[in-house]
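Below is one structure; the comments refer to it alone.
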Amino acid sequence: MGNCHSRCYTLSEGSQQLPKRDTQLLEVQPLSHPSGSGEPEAQQPAKARSHQGFDVDRDAKKLHKACKGMGTDEAAIIEILSNRTSEERQQIKHKYKAIYGKDLEEVLKGELRGNFKKTALALLDHPNEYAARELQKAMKGLGTDETVLIEVLCTRSNKEIIAIKEAYQRLFNRSLESDVKDDTSGSLKKILVALLQAGRDEGDDIDIDLAGQDAKDLYDAGEGRWGTEELAFHDVLARRSLKQLRATFQAYEVLIGKDMEEAIEEETSGDLKKAYLTLVRCARDREGYFAECLYKSMKGSGTEEETLIRIIVTRAEVDLQGIKAKFQEKYQKSLSDMVRSDTSGDFQKLLVALLH
C-alpha cells in the first residue's frame, strides 16, 4: 500500500501536521462513494405498523378456504401474507392451529410449489428464526455457503445477532458460534466469531483521535503482512460504531491516500475480502449495500432467487423502503420493475406485493 510509516497525518503533501484534535479533518458526513452515501442508521420501517383492520380470525379462515378443496386460491394467500406484519403473521399461525388443529406451514407446503412456496414459508417465520434457518442451511451437509454467512452476520445489529443466536439454539439445539467455528477457517472464521460476540459500540460519539489511530493500525496491519495481522481489522470492523468507522475510513484516506475499499480489494481475496467489504459498505450505507446485492442477484442471465427472497423478506420491516430508494438512485430503474422482469407467476406477484 506504499510506505507511509514516517509520514505525518496530514491533509495533503506539504501541509503542516494537524493539531491533536482538529475536528475539521474528520467532520463525518455522508460519503460520496460508489457503494452509496446514506446514513445507515436512518432506517424507514416498512409494514412495521399494525395492518389497519387486522382480524386474525378472518385471516385464518380465509387462508383455510384458499387451501381447501380442489385448487388453491393463490391470490388470497398473497393478499394476506404480503399485507400483514411479521407479528400479525405469527398470530395468524397460532389462530390457524387453534381452529383447524394443523400447522399453517405444513398446509402451505402441500399446496404451494417452488420459489412461491419458499417465500410464503419464509414470511411465516419470525425474521430472526428465518435468518437462523438460512445460516443452518448454509452450513449443513458438504460444503459451506460462506456468502450467506457473510451477508447475514456482517449486516446485523448487536440486538439482531443476539436474537439470531438464541433462535438458532432454540431451533437446532446447537450453538451458532460453535457451528460457524466448525464450518469456517482462518481469518474468515475469526471475523465471523468476532461479529457473533455482538460487541459493537452502538453509540453516536465520534473519537477523532481514535479514528486516526485505528486508520494507522489498519494500515500497519495490511502493509505486507496480510494473513498474519488481521486482528486489527477484526477489532476495528467488528467493534467500532458505524459513525466511528466512517470517521476511520476518512482518516485512512487522508493518511494513506487510498480508499478503504480499494485497499481491501488490493490486499485480500476470496471470502475474507467479501466479509471486509461487506462490513465497510454497510458502515457507509447499509441500504445501498442491500440494493447492490439485489441488483447483482438479477443482472445478467439467471436470477439468484434465494438471495431475492432472503433480502426482501428479512428487510421488509427494517429498511426496505430505503433500499428501494437507493436502488432507484443507483440503477435508474425501480426495484419492483426489475423483479417483475426477472421473475414470474405467483412468486413474482408475492415479491412485488411485498415491495409495495
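Every chain in the C-alpha cells has a letter given in the order shown (A, B, ...), and although residue numbers restart at 1 in each chain, ligands are simply numbered from 1 in the order shown.
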Give me the residues near Glu177 in chain A as a short mmCIF file (atom, residue, chain, number, x, y, z; two decimals) with N, CA, C and O atoms, in the first residue's frame, where near means some atom within 7 Å (using only C-alpha atoms) and where sequence neighbours in that chain fewer than 4 positions away do not count.
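Okay, part.cif is ready:
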```cif
data_model
loop_
_atom_site.label_atom_id
_atom_site.label_comp_id
_atom_site.auth_asym_id
_atom_site.auth_seq_id
_atom_site.Cartn_x
_atom_site.Cartn_y
_atom_site.Cartn_z
N LYS A 181 -17.61 -21.90 13.87
CA LYS A 181 -16.21 -22.28 14.08
C LYS A 181 -15.86 -23.57 13.37
O LYS A 181 -14.78 -23.72 12.79
N VAL A 193 -16.63 -14.96 14.07
CA VAL A 193 -16.75 -15.22 15.52
C VAL A 193 -16.72 -13.89 16.28
O VAL A 193 -17.47 -13.70 17.25
N LEU A 196 -20.09 -12.40 16.05
CA LEU A 196 -21.07 -13.14 16.86
C LEU A 196 -21.02 -12.77 18.34
O LEU A 196 -21.95 -13.10 19.09
#
```
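In this structure, CA of Ala120 in chain A sits 28.9 Å away from CA of Lys330 in chain A.
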List every residue of range 70-171 of chain A that has an atom at most 12 Å from any atom of range 340-345 of chain A, giving for each one its closest atom pair and the distance in Å to one decimal, counting only C-alpha atoms, sorted by chain and then by ascending residue number, as a Markdown table.
```
| residue | atom | partner | partner_atom | distance |
| --- | --- | --- | --- | --- |
| A:Glu74 | CA | A:Gly345 | CA | 10.2 |
| A:Ala75 | CA | A:Gly345 | CA | 11.0 |
| A:Ile78 | CA | A:Gly345 | CA | 11.6 |
| A:Arg113 | CA | A:Gly345 | CA | 11.0 |
| A:Gly114 | CA | A:Gly345 | CA | 10.5 |
| A:Asn115 | CA | A:Thr343 | CA | 9.7 |
| A:Phe116 | CA | A:Gly345 | CA | 8.4 |
| A:Lys117 | CA | A:Gly345 | CA | 11.8 |
```
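The smallest atom-to-atom distance between Arg286 in chain A and any of A:Leu195, A:Ala98, A:Cys154, A:Leu210, using only C-alpha atoms, is found for A:Cys154.
The two atoms in question, CA of Lys95 in chain A and CA of Ile77 in chain A, are spaced 15.6 Å apart.
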For range 231-248 of chain A, please output as a PyMOL selection string all residues within 7 Å (counting only C-alpha atoms; exclusion window: fewer than 6 positions along the same chain).
chain A and resi 26+28+191+194-195+199-204+206-207+211-212+214-215+217-218+221+279+283-284
Any chance you can output those residues with C-alpha atoms as a PDB file, in the first residue's frame?
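Contents of part-v2.pdb, as written:
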```
ATOM      1  CA  LEU A  26     -12.864  14.281  10.034  1.00  0.00           C
ATOM      2  CA  VAL A  28     -18.163  12.905   9.433  1.00  0.00           C
ATOM      3  CA  ILE A 191     -14.028 -12.140  11.887  1.00  0.00           C
ATOM      4  CA  ALA A 194     -15.848 -11.633  16.485  1.00  0.00           C
ATOM      5  CA  LEU A 195     -19.145 -10.422  14.995  1.00  0.00           C
ATOM      6  CA  GLY A 199     -19.881  -6.316  20.941  1.00  0.00           C
ATOM      7  CA  ARG A 200     -20.186  -3.400  18.526  1.00  0.00           C
ATOM      8  CA  ASP A 201     -20.328   0.055  20.086  1.00  0.00           C
ATOM      9  CA  GLU A 202     -23.705   1.442  19.024  1.00  0.00           C
ATOM     10  CA  GLY A 203     -23.305   4.944  20.442  1.00  0.00           C
ATOM     11  CA  ASP A 204     -23.250   8.198  18.484  1.00  0.00           C
ATOM     12  CA  ILE A 206     -17.020  10.004  17.425  1.00  0.00           C
ATOM     13  CA  ASP A 207     -13.470   9.943  18.777  1.00  0.00           C
ATOM     14  CA  ALA A 211     -10.180   7.249  14.188  1.00  0.00           C
ATOM     15  CA  GLY A 212      -6.654   8.371  13.336  1.00  0.00           C
ATOM     16  CA  ASP A 214      -7.342   2.960  14.021  1.00  0.00           C
ATOM     17  CA  ALA A 215      -6.534   4.137  10.494  1.00  0.00           C
ATOM     18  CA  ASP A 217      -3.338   0.373  12.844  1.00  0.00           C
ATOM     19  CA  LEU A 218      -5.268  -0.817   9.797  1.00  0.00           C
ATOM     20  CA  ALA A 221      -1.754  -4.480   9.747  1.00  0.00           C
ATOM     21  CA  LEU A 279     -18.606  -4.501   6.764  1.00  0.00           C
ATOM     22  CA  ALA A 283     -20.948   1.074   7.748  1.00  0.00           C
ATOM     23  CA  ARG A 284     -21.128   3.590   4.924  1.00  0.00           C
TER      24      ARG A 284
END
```
Tell me which protein, DNA and RNA residues are within 10 Å of range 331-338 of chain A, counting only C-alpha atoms, leaving out same-chain ones fewer than 5 positions away, and put them as a PDB file with N, CA, C and O atoms, in the first residue's frame.
```
ATOM      1  N   ALA A 291     -29.209  -2.846  -1.796  1.00  0.00           N
ATOM      2  CA  ALA A 291     -29.661  -2.532  -3.160  1.00  0.00           C
ATOM      3  C   ALA A 291     -28.718  -3.169  -4.179  1.00  0.00           C
ATOM      4  O   ALA A 291     -29.153  -3.762  -5.175  1.00  0.00           O
ATOM      5  N   GLU A 292     -27.423  -3.095  -3.902  1.00  0.00           N
ATOM      6  CA  GLU A 292     -26.423  -3.691  -4.809  1.00  0.00           C
ATOM      7  C   GLU A 292     -26.549  -5.217  -4.836  1.00  0.00           C
ATOM      8  O   GLU A 292     -26.458  -5.839  -5.901  1.00  0.00           O
ATOM      9  N   LEU A 294     -29.245  -6.965  -4.335  1.00  0.00           N
ATOM     10  CA  LEU A 294     -30.448  -7.300  -5.097  1.00  0.00           C
ATOM     11  C   LEU A 294     -30.199  -7.146  -6.592  1.00  0.00           C
ATOM     12  O   LEU A 294     -30.619  -7.994  -7.401  1.00  0.00           O
ATOM     13  N   TYR A 295     -29.518  -6.081  -6.968  1.00  0.00           N
ATOM     14  CA  TYR A 295     -29.227  -5.850  -8.384  1.00  0.00           C
ATOM     15  C   TYR A 295     -28.375  -6.995  -8.951  1.00  0.00           C
ATOM     16  O   TYR A 295     -28.676  -7.552 -10.022  1.00  0.00           O
ATOM     17  N   MET A 298     -30.037 -10.249  -9.846  1.00  0.00           N
ATOM     18  CA  MET A 298     -30.924 -10.279 -11.018  1.00  0.00           C
ATOM     19  C   MET A 298     -30.245  -9.941 -12.335  1.00  0.00           C
ATOM     20  O   MET A 298     -30.775 -10.266 -13.396  1.00  0.00           O
ATOM     21  N   LYS A 299     -29.090  -9.279 -12.299  1.00  0.00           N
ATOM     22  CA  LYS A 299     -28.475  -8.859 -13.565  1.00  0.00           C
ATOM     23  C   LYS A 299     -27.880 -10.057 -14.296  1.00  0.00           C
ATOM     24  O   LYS A 299     -27.554 -11.080 -13.700  1.00  0.00           O
ATOM     25  N   ILE A 323     -34.058   0.873   0.858  1.00  0.00           N
ATOM     26  CA  ILE A 323     -33.366   0.062  -0.142  1.00  0.00           C
ATOM     27  C   ILE A 323     -33.955   0.319  -1.524  1.00  0.00           C
ATOM     28  O   ILE A 323     -33.236   0.457  -2.517  1.00  0.00           O
ATOM     29  N   LYS A 324     -35.287   0.401  -1.595  1.00  0.00           N
ATOM     30  CA  LYS A 324     -35.952   0.701  -2.873  1.00  0.00           C
ATOM     31  C   LYS A 324     -35.490   2.051  -3.422  1.00  0.00           C
ATOM     32  O   LYS A 324     -35.205   2.191  -4.618  1.00  0.00           O
ATOM     33  N   ALA A 325     -35.406   3.044  -2.542  1.00  0.00           N
ATOM     34  CA  ALA A 325     -34.985   4.382  -2.967  1.00  0.00           C
ATOM     35  C   ALA A 325     -33.534   4.358  -3.459  1.00  0.00           C
ATOM     36  O   ALA A 325     -33.202   4.977  -4.482  1.00  0.00           O
ATOM     37  N   LYS A 326     -32.670   3.638  -2.757  1.00  0.00           N
ATOM     38  CA  LYS A 326     -31.264   3.527  -3.174  1.00  0.00           C
ATOM     39  C   LYS A 326     -31.149   2.806  -4.509  1.00  0.00           C
ATOM     40  O   LYS A 326     -30.329   3.157  -5.361  1.00  0.00           O
ATOM     41  N   THR A 343     -38.651 -12.336 -12.652  1.00  0.00           N
ATOM     42  CA  THR A 343     -39.371 -13.439 -12.007  1.00  0.00           C
ATOM     43  C   THR A 343     -40.715 -13.617 -12.714  1.00  0.00           C
ATOM     44  O   THR A 343     -41.068 -12.834 -13.597  1.00  0.00           O
ATOM     45  N   GLN A 348     -43.473 -14.020  -8.486  1.00  0.00           N
ATOM     46  CA  GLN A 348     -43.358 -12.613  -8.875  1.00  0.00           C
ATOM     47  C   GLN A 348     -44.407 -11.753  -8.174  1.00  0.00           C
ATOM     48  O   GLN A 348     -44.102 -10.693  -7.623  1.00  0.00           O
ATOM     49  N   LEU A 351     -43.546 -11.221  -4.411  1.00  0.00           N
ATOM     50  CA  LEU A 351     -42.424 -10.295  -4.200  1.00  0.00           C
ATOM     51  C   LEU A 351     -42.838  -8.863  -4.496  1.00  0.00           C
ATOM     52  O   LEU A 351     -42.517  -7.941  -3.730  1.00  0.00           O
ATOM     53  N   VAL A 352     -43.521  -8.657  -5.605  1.00  0.00           N
ATOM     54  CA  VAL A 352     -43.943  -7.293  -5.972  1.00  0.00           C
ATOM     55  C   VAL A 352     -44.905  -6.734  -4.915  1.00  0.00           C
ATOM     56  O   VAL A 352     -44.814  -5.564  -4.552  1.00  0.00           O
ATOM     57  N   ALA A 353     -45.797  -7.580  -4.399  1.00  0.00           N
ATOM     58  CA  ALA A 353     -46.724  -7.133  -3.349  1.00  0.00           C
ATOM     59  C   ALA A 353     -45.957  -6.730  -2.093  1.00  0.00           C
ATOM     60  O   ALA A 353     -46.295  -5.746  -1.427  1.00  0.00           O
ATOM     61  N   LEU A 354     -44.903  -7.462  -1.762  1.00  0.00           N
ATOM     62  CA  LEU A 354     -44.090  -7.133  -0.581  1.00  0.00           C
ATOM     63  C   LEU A 354     -43.345  -5.809  -0.763  1.00  0.00           C
ATOM     64  O   LEU A 354     -43.066  -5.098   0.198  1.00  0.00           O
ATOM     65  N   LEU A 355     -43.046  -5.486  -2.007  1.00  0.00           N
ATOM     66  CA  LEU A 355     -42.286  -4.251  -2.297  1.00  0.00           C
ATOM     67  C   LEU A 355     -43.152  -3.002  -2.273  1.00  0.00           C
ATOM     68  O   LEU A 355     -42.643  -1.895  -2.287  1.00  0.00           O
ATOM     69  N   HIS A 356     -44.471  -3.169  -2.228  1.00  0.00           N
ATOM     70  CA  HIS A 356     -45.352  -2.006  -2.272  1.00  0.00           C
ATOM     71  C   HIS A 356     -45.879  -1.645  -0.899  1.00  0.00           C
ATOM     72  O   HIS A 356     -46.087  -2.501  -0.079  1.00  0.00           O
TER      73      HIS A 356
END
```
Excluding Glu146 in chain A and any residue of its chain fewer than 3 positions from it, enumerate the residues within 7 Å of it, using only C-alpha atoms, and give them as a PDB file with N, CA, C and O atoms, in the first residue's frame.
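Result saved to out.pdb:
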```
ATOM      1  N   LEU A 149     -23.382 -16.663   5.098  1.00  0.00           N
ATOM      2  CA  LEU A 149     -22.863 -16.328   6.429  1.00  0.00           C
ATOM      3  C   LEU A 149     -22.427 -14.867   6.476  1.00  0.00           C
ATOM      4  O   LEU A 149     -22.731 -14.143   7.437  1.00  0.00           O
ATOM      5  N   ILE A 150     -21.732 -14.436   5.443  1.00  0.00           N
ATOM      6  CA  ILE A 150     -21.236 -13.056   5.386  1.00  0.00           C
ATOM      7  C   ILE A 150     -22.395 -12.071   5.281  1.00  0.00           C
ATOM      8  O   ILE A 150     -22.455 -11.081   6.014  1.00  0.00           O
ATOM      9  N   ASP A 271     -13.277 -15.092   0.388  1.00  0.00           N
ATOM     10  CA  ASP A 271     -14.359 -14.804   1.319  1.00  0.00           C
ATOM     11  C   ASP A 271     -13.981 -13.756   2.368  1.00  0.00           C
ATOM     12  O   ASP A 271     -14.842 -13.013   2.834  1.00  0.00           O
TER      13      ASP A 271
END
```
Just checking: using only C-alpha atoms, which residue out of A:Lys273, A:Leu188, A:Leu142, A:Gln197 ends up closest to Asn158 in chain A?
A:Gln197
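Comparing the minimum interatomic distances between Leu192 in chain A and each of A:Lys216, A:Lys274, A:Lys65, A:Lys97, counting only C-alpha atoms, we find that A:Lys274 sits nearest.
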If we count only C-alpha atoms and set the cut-off at 12 Å, which residues sit around Phe172 in chain A, ignoring sequence neighbours fewer than 2 positions away in its own chain? Please answer as number ranges by chain.
A: 129, 132-133, 135-137, 140, 164-170, 174-176, 179
